[in-house]
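Visitor: One structure follows; several queries about it will come next.
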Amino acid sequence: MSYQYQPLDRRRREIRLLEIQPSPTFSAPVECKAFKTNLEDAIEYIALSYCWGDASVRLPIIVDGVSFPVTVNLCHALRRLRHADQSRVYWIDAICIDQTNNPEKSHQVTIMRDLYHRAEFVDVWLGEEGEDSSLAVELIRMLTDTNLVDNLVAATEAVEIIPIVSNLYEQNPGLLDETAWLAVRRLFERPWWTRVWVFQEFIVSKAAVFRCGPDRFDWLDLSTASVAHGRIVSSPLRSLLTGDQLIYLILANFSIPMDFIHVKLPRYFESRELGDLWNFSPIHLMTRLKSTDPRDLVYALLGVAELKNLLLVPDYDKPISEVYAEFTMKYIMAYLDLSIISFAGIGILGDQYPLDTPSWVPDFRSGNRHGQSMSLGKYRASGGRKSIFSSSSGSKILNCDGVVVDTITSQRQHERWPKRSWQDLVLSHAEVPHPTGISQYQVFFRTTITDDSVRVHGNRQSDFFDEAAGFMYIVGAGSLVRRKNDPVFVKQIERFIEGDKSGSLFAQNFTVWRCSSLDFVETGIPSKKEMLDPFLAATRPEDELQWPEPYDESGVAQHAQDWAFTFEVASSDRALFITAKGYMGMGPPDSQIGDKICVVLGCDKPLVIRAIGEKYLVVGKCYIYGLMNGEILAEVEEGKMVVETLHFE
């Protein structure tokens with residue numbers, strides 16, 4: 001006989017709770033008692049946050065004397081969580097919600113935030129122990145030493161930080177053991193970190209405890225360990241580490257839990273400043289996380305504060321496309337923010353794009369393949385201007401104001417490094433004037449890092465020039481490898497390098513790259529300044545950069561690695577293009593020659609769009625240096641460009 005649920009009274013906000021019976025024996029069957037209660041009047045309970053696991057493989061537990069099948073992962077969690085001599089009260093979705101009753105599921109989703117927020121605390125079950133999970137937890141605890149973290153945070157100069165970390169390594173030699181760091185990585189690769197429901201469950205909790213098999217650690221410990229890890233792998237400390245050690249430290253990938261921590265901390269400390277600092281975007285999160293039911297990519301985040309104004313009622317009987325379209329339009333209407341359409345586009349998924357969804361509606365199932373670094377940047381392509389918008393044809397068409405800026409005339413598809421076709425495209429257009437007046441070489445570099453400054457290098461001058469030196473170093477080295485079998489070119493390069501007295505390897509390499517598609521015809525031996533002029537020059541004196549002198553080149557090889565990593569992330573699944581006006585950009589992998597570039601008022605990033613008669617399709621967002629910070633509005637004010645109503649279908 002299967003378990004029979006008693007109906008819940010929605011008007012009274014009834015829920016079910018589960019009393020897990022004690023057992024001194026770990027392998028004994030799990031026995032529970034279920035009971036109904038009003039959410040507001042509920043006794044103290046713990047909420048469980050976990051991943052279901054493979055729903056096709058089940059193990060039996062006992063609920064109210066009846067066999068109740070649950071997933072293997074949940075069964076393991078229940079065995080670990082029950083006490084030997086006293087019962088414990090939990091709220092667990094798979095048991096406390098009738099999963100066969102869509103109306104009940106829809107209603108319980110609307111109170112999910114309150115369910116987790118009212119819990120005494122949230123138990124986060126990462127899964128049963130693995131061969132190295134205890135080692136990972138031990139390392140996390142090691143990094144939570146209060147004095148260590150306080151000293152690391154207080155230290156601002158490398159000379160202050162290095163002794164602290166050196167002492168840490170001496171006291172804990174295992175910290176540099178790749179086995180421990182890889183164990184941490186595997187802990188952060190467990191499925192819990194990828195599921196959309198657990199995000200809300202974690203961030204709205206009063207407190208959270210992570211459990212992995214028999215091991216446990218507090219969420220604040222994880223936050224502290226993440227800070228310590230970040231300081232240890234920061235640039236000033238890299239001289240302490242071998243290449244392999246640095247790789248393993250980075251591979252530990254604390255960025256995964258920090259996505260969760262960054263959102264929870266402002267809520268925990270009630271700090272608006274922290275919230276502004278980390279610029280949380282629930283839409284970005286929807287494209288990164290996963291769910292069994294695609295509707296949950298929307299419904300699971302309705303409880304976060306950033307989406308509180310959406311009047312969206314969960315309905316699991318609606319088609320996925322209708323849920324996504326309804327959410328997108330309600331989001332635009334509630335926040336007057338069209339940035340959400342930058343997550344959409346037919347150029348992201350190509351033939352996989354669902355035909356029954358308008359091109360301006362994001363397909364949250366797709367994952368954030370395109371433009372990962374742009375999702376985290378703070379761009380203002382429309383300068384903060386709001387758009388007048390409407391919908392028509394049964395909400396199939398979005399009408400909004402925007403500026404059609406330019407047309408793509410040349411393009412190279414996505415490819416892995418060394419991206420030779422990209423480099424060839426840049427070199428072949430090097431003499432084409434860029435609308436900002438700076439050189440195309442510099443524009444290409446800024447594009448590779450999706451630079452968010454305006455026309456100068458912003459506040460982090462040393463970071464900018466270090467990355468630029470790394471860029472020049474690596475592209476030049478690649479050119480030497482590419483033409484190593486060309487004896488004439490090699491001889492000219494050797495003569496050039498032998499005669500150069502500047503001692504600047506990255507400047508030499510930049511010159512080699514710049515001339516690699518031509519016959520090398522440098523006359524005389526240029527100085528370092530002359531070698532860098534093609535990169536630094538601008539048509540307006542105020543836009544011309546001055547390379548800092550003296551400049552320490554000892555770290556240029558590391559800067560090259562840093563730049564290469566940044567570029568690989570920024571260019572993942574993206575195409576490089578040149579426009580009729582000389583703009584350079586990175587955009588959707590399936591963008592085409594003839595596609596238009598537009599800035600939609602109210603959208604934070606430029607879009608690639610495709611004309612279909614008098615309407616347009618959204619192809620996807622793009623990065624175009626010179627259009628990321630509201631520059632196009634100045635041209636509108638000068639009468640050079642016009643705002644028009646665009647119709648997207």
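Identifiers in this document derive from the order of the structure tokens: chains are assigned A, B, ..., residues are numbered from 1 separately in each chain, and ligands are numbered from 1 in order of occurrence.
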List as a ChimeraX atom specification the protein and nucleic acid residues near region 555-562 of chain A, meaning an atom at most 6 Å away when only C-alpha atoms are counted, but skip any in the same chain fewer than 5 places from it.
Guide: /A:466-467,470-471,474
Visitor: What would the file look like if the residues just selected were written as a JSON list (two decimals), in the first residue's frame with C-alpha atoms?
Guide:
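What landed in again_17.json:
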[["chain", "number", "residue", "atom", "x", "y", "z"],
["A", 466, "ASP", "CA", 50.46, 44.29, -16.23],
["A", 467, "GLU", "CA", 47.72, 42.59, -18.24],
["A", 470, "GLY", "CA", 51.20, 39.88, -20.59],
["A", 471, "PHE", "CA", 49.05, 40.22, -23.71],
["A", 474, "ILE", "CA", 52.13, 36.03, -25.38]]
Visitor: If we count only C-alpha atoms and set the cut-off at 6 Å, which residues sit around Ala208 (chain A), ignoring sequence neighbours fewer than 5 positions away in its own chain? Please answer as a ChimeraX atom specification.
Guide: /A:121-123,219
Visitor: Please return as a ChimeraX atom specification: the residues of region 316-551 of chain A that backbone DSSP assigns to strand (DSSP E or B).
Guide: /A:389-392,397-412,438,538
Visitor: Can you tell me how far CA of Arg211 (chain A) sits from CA of Arg186 (chain A), in Å to one decimal?
Guide: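 Taking CA of Arg211 (chain A) as the start and CA of Arg186 (chain A) as the end point, the length is 14.5 Å.
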Visitor: Hey, what's within 10 Å of Tyr45 (chain A) if we count only C-alpha atoms and toss same-chain stuff fewer than 3 positions away? As a list in words, please?
Guide: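 These residues fall inside the cut-off: Leu17, Leu18, Glu19, Ala42, Leu48, Arg88, Val89, Tyr90, Trp91, Leu115, Tyr116, Arg118, Ala119, Glu120, Phe121 and Val122 of chain A.
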Visitor: Point out the residue among A:Ile20, A:Ile46, A:Met258, A:Ala334 with the least atom-to-atom distance to Val63 (chain A), counting only C-alpha atoms.
Guide: A:Ile20
Visitor: Residues within 12 Å of Arg416 (chain A), please, as a PyMOL selection string. Count only C-alpha atoms; anything in the same chain fewer than 2 positions from it doesn't count.
Guide: chain A and resi 412-414+418-423+564+567-575
Visitor: Using DSSP secondary structure from the backbone, list all helix (DSSP H, G or I) positions within region 370-513 of chain A, as an MDAnalysis selection string.
Guide: chainID A and resid 372:376 420:428 440:448 461:482 487:499 505:513
Visitor: Please produce a file of the residues just selected, as a PDB file, in the first residue's frame, where the atoms kept are C-alpha atoms.
Guide:
ATOM      1  CA  GLN A 372      30.379  34.626 -18.825  1.00  0.00           C
ATOM      2  CA  SER A 373      32.654  37.537 -17.877  1.00  0.00           C
ATOM      3  CA  MET A 374      30.162  40.075 -19.247  1.00  0.00           C
ATOM      4  CA  SER A 375      27.455  38.774 -16.960  1.00  0.00           C
ATOM      5  CA  LEU A 376      29.457  39.942 -13.976  1.00  0.00           C
ATOM      6  CA  ARG A 420      44.975  32.692 -35.233  1.00  0.00           C
ATOM      7  CA  SER A 421      42.031  33.732 -37.385  1.00  0.00           C
ATOM      8  CA  TRP A 422      41.122  36.302 -34.712  1.00  0.00           C
ATOM      9  CA  GLN A 423      44.654  37.663 -34.682  1.00  0.00           C
ATOM     10  CA  ASP A 424      44.723  37.809 -38.476  1.00  0.00           C
ATOM     11  CA  LEU A 425      41.438  39.744 -38.492  1.00  0.00           C
ATOM     12  CA  VAL A 426      42.843  42.294 -36.040  1.00  0.00           C
ATOM     13  CA  LEU A 427      46.122  42.695 -37.913  1.00  0.00           C
ATOM     14  CA  SER A 428      44.329  43.116 -41.246  1.00  0.00           C
ATOM     15  CA  GLN A 440      42.920  48.865 -32.913  1.00  0.00           C
ATOM     16  CA  TYR A 441      45.741  47.015 -31.127  1.00  0.00           C
ATOM     17  CA  GLN A 442      44.679  48.564 -27.828  1.00  0.00           C
ATOM     18  CA  VAL A 443      41.014  47.990 -28.647  1.00  0.00           C
ATOM     19  CA  PHE A 444      41.722  44.304 -29.242  1.00  0.00           C
ATOM     20  CA  PHE A 445      43.484  44.031 -25.887  1.00  0.00           C
ATOM     21  CA  ARG A 446      40.617  45.774 -24.096  1.00  0.00           C
ATOM     22  CA  THR A 447      38.185  43.466 -25.889  1.00  0.00           C
ATOM     23  CA  THR A 448      40.050  40.364 -24.726  1.00  0.00           C
ATOM     24  CA  GLN A 461      46.560  51.296 -13.451  1.00  0.00           C
ATOM     25  CA  SER A 462      49.117  48.660 -12.500  1.00  0.00           C
ATOM     26  CA  ASP A 463      46.647  45.841 -13.216  1.00  0.00           C
ATOM     27  CA  PHE A 464      45.863  47.318 -16.621  1.00  0.00           C
ATOM     28  CA  PHE A 465      49.491  47.669 -17.686  1.00  0.00           C
ATOM     29  CA  ASP A 466      50.461  44.288 -16.227  1.00  0.00           C
ATOM     30  CA  GLU A 467      47.718  42.593 -18.239  1.00  0.00           C
ATOM     31  CA  ALA A 468      48.706  44.583 -21.333  1.00  0.00           C
ATOM     32  CA  ALA A 469      52.340  43.489 -20.950  1.00  0.00           C
ATOM     33  CA  GLY A 470      51.201  39.881 -20.589  1.00  0.00           C
ATOM     34  CA  PHE A 471      49.048  40.219 -23.709  1.00  0.00           C
ATOM     35  CA  MET A 472      51.961  41.613 -25.769  1.00  0.00           C
ATOM     36  CA  TYR A 473      54.329  38.960 -24.479  1.00  0.00           C
ATOM     37  CA  ILE A 474      52.130  36.029 -25.378  1.00  0.00           C
ATOM     38  CA  VAL A 475      50.859  37.131 -28.804  1.00  0.00           C
ATOM     39  CA  GLY A 476      54.425  37.854 -29.909  1.00  0.00           C
ATOM     40  CA  ALA A 477      55.682  34.504 -28.684  1.00  0.00           C
ATOM     41  CA  GLY A 478      52.897  32.837 -30.649  1.00  0.00           C
ATOM     42  CA  SER A 479      53.904  34.681 -33.810  1.00  0.00           C
ATOM     43  CA  LEU A 480      57.478  33.450 -33.509  1.00  0.00           C
ATOM     44  CA  VAL A 481      56.231  29.877 -33.272  1.00  0.00           C
ATOM     45  CA  ARG A 482      53.847  30.366 -36.179  1.00  0.00           C
ATOM     46  CA  PRO A 487      63.899  31.663 -42.774  1.00  0.00           C
ATOM     47  CA  VAL A 488      63.677  35.229 -44.073  1.00  0.00           C
ATOM     48  CA  PHE A 489      61.298  36.322 -41.307  1.00  0.00           C
ATOM     49  CA  VAL A 490      63.320  34.506 -38.622  1.00  0.00           C
ATOM     50  CA  LYS A 491      66.533  36.173 -39.772  1.00  0.00           C
ATOM     51  CA  GLN A 492      64.928  39.613 -39.727  1.00  0.00           C
ATOM     52  CA  ILE A 493      63.561  38.999 -36.243  1.00  0.00           C
ATOM     53  CA  GLU A 494      66.944  37.834 -34.984  1.00  0.00           C
ATOM     54  CA  ARG A 495      68.576  40.965 -36.384  1.00  0.00           C
ATOM     55  CA  PHE A 496      65.908  43.127 -34.781  1.00  0.00           C
ATOM     56  CA  ILE A 497      66.242  41.494 -31.350  1.00  0.00           C
ATOM     57  CA  GLU A 498      70.051  41.528 -31.407  1.00  0.00           C
ATOM     58  CA  GLY A 499      70.078  45.248 -32.131  1.00  0.00           C
ATOM     59  CA  LEU A 505      60.909  41.506 -24.003  1.00  0.00           C
ATOM     60  CA  PHE A 506      57.162  42.225 -24.084  1.00  0.00           C
ATOM     61  CA  ALA A 507      57.708  45.321 -26.274  1.00  0.00           C
ATOM     62  CA  GLN A 508      59.852  43.250 -28.632  1.00  0.00           C
ATOM     63  CA  ASN A 509      57.191  40.568 -28.778  1.00  0.00           C
ATOM     64  CA  PHE A 510      54.474  43.126 -29.495  1.00  0.00           C
ATOM     65  CA  THR A 511      56.495  44.437 -32.433  1.00  0.00           C
ATOM     66  CA  VAL A 512      57.052  40.903 -33.716  1.00  0.00           C
ATOM     67  CA  TRP A 513      53.302  40.176 -33.543  1.00  0.00           C
TER      68      TRP A 513
END
Visitor: Just checking: using only C-alpha atoms, which residue out of A:Asp54, A:Asp552, A:Asp85, A:Glu326 ends up closest to Val70 (chain A)?
Guide: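 Result for the nearest residue to Val70 (chain A): A:Asp54.
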Visitor: Got a sec: who's within 10 Å of region 171-173 of chain A, counting only C-alpha atoms, leaving out chain neighbours fewer than 5 positions off, as a PDB file with C-alpha atoms, in the first residue's frame?
Guide:
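File written: part-v2.pdb
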ATOM      1  CA  LEU A 139      41.590  22.120   5.056  1.00  0.00           C
ATOM      2  CA  MET A 142      42.453  25.077   8.864  1.00  0.00           C
ATOM      3  CA  VAL A 165      51.570  32.936   4.537  1.00  0.00           C
ATOM      4  CA  SER A 166      55.127  31.608   4.846  1.00  0.00           C
TER       5      SER A 166
END
Visitor: Taking into account only C-alpha atoms, which residue in the set A:Val196, A:Ala537, A:Leu220, A:Leu302 is nearest to Pro433 (chain A)?
Guide: A:Ala537
Visitor: If you count only C-alpha atoms, which residues fall within 7 Å of Ala300 (chain A), apart from same-chain ones fewer than 2 positions away, as a PDB file with N, CA and C atoms, in the first residue's frame?
Guide:
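The resulting file, result33.pdb, is reproduced below:
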ATOM      1  N   VAL A 196      19.350  24.971  -8.551  1.00  0.00           N
ATOM      2  CA  VAL A 196      18.753  26.288  -8.365  1.00  0.00           C
ATOM      3  C   VAL A 196      17.967  26.397  -7.062  1.00  0.00           C
ATOM      4  N   TRP A 197      17.287  25.342  -6.655  1.00  0.00           N
ATOM      5  CA  TRP A 197      16.476  25.439  -5.438  1.00  0.00           C
ATOM      6  C   TRP A 197      17.333  25.696  -4.208  1.00  0.00           C
ATOM      7  N   GLN A 200      18.148  29.555  -3.013  1.00  0.00           N
ATOM      8  CA  GLN A 200      17.206  30.267  -2.149  1.00  0.00           C
ATOM      9  C   GLN A 200      17.197  29.658  -0.754  1.00  0.00           C
ATOM     10  N   ASP A 296      11.459  25.385 -12.683  1.00  0.00           N
ATOM     11  CA  ASP A 296      12.017  25.765 -11.386  1.00  0.00           C
ATOM     12  C   ASP A 296      13.172  26.748 -11.509  1.00  0.00           C
ATOM     13  N   LEU A 297      13.772  26.867 -12.679  1.00  0.00           N
ATOM     14  CA  LEU A 297      14.811  27.877 -12.858  1.00  0.00           C
ATOM     15  C   LEU A 297      14.247  29.270 -12.634  1.00  0.00           C
ATOM     16  N   VAL A 298      12.948  29.426 -12.846  1.00  0.00           N
ATOM     17  CA  VAL A 298      12.246  30.677 -12.540  1.00  0.00           C
ATOM     18  C   VAL A 298      11.625  30.622 -11.151  1.00  0.00           C
ATOM     19  N   LEU A 302      11.886  33.020  -6.975  1.00  0.00           N
ATOM     20  CA  LEU A 302      10.871  34.048  -6.742  1.00  0.00           C
ATOM     21  C   LEU A 302      10.900  34.565  -5.306  1.00  0.00           C
TER      22      LEU A 302
END
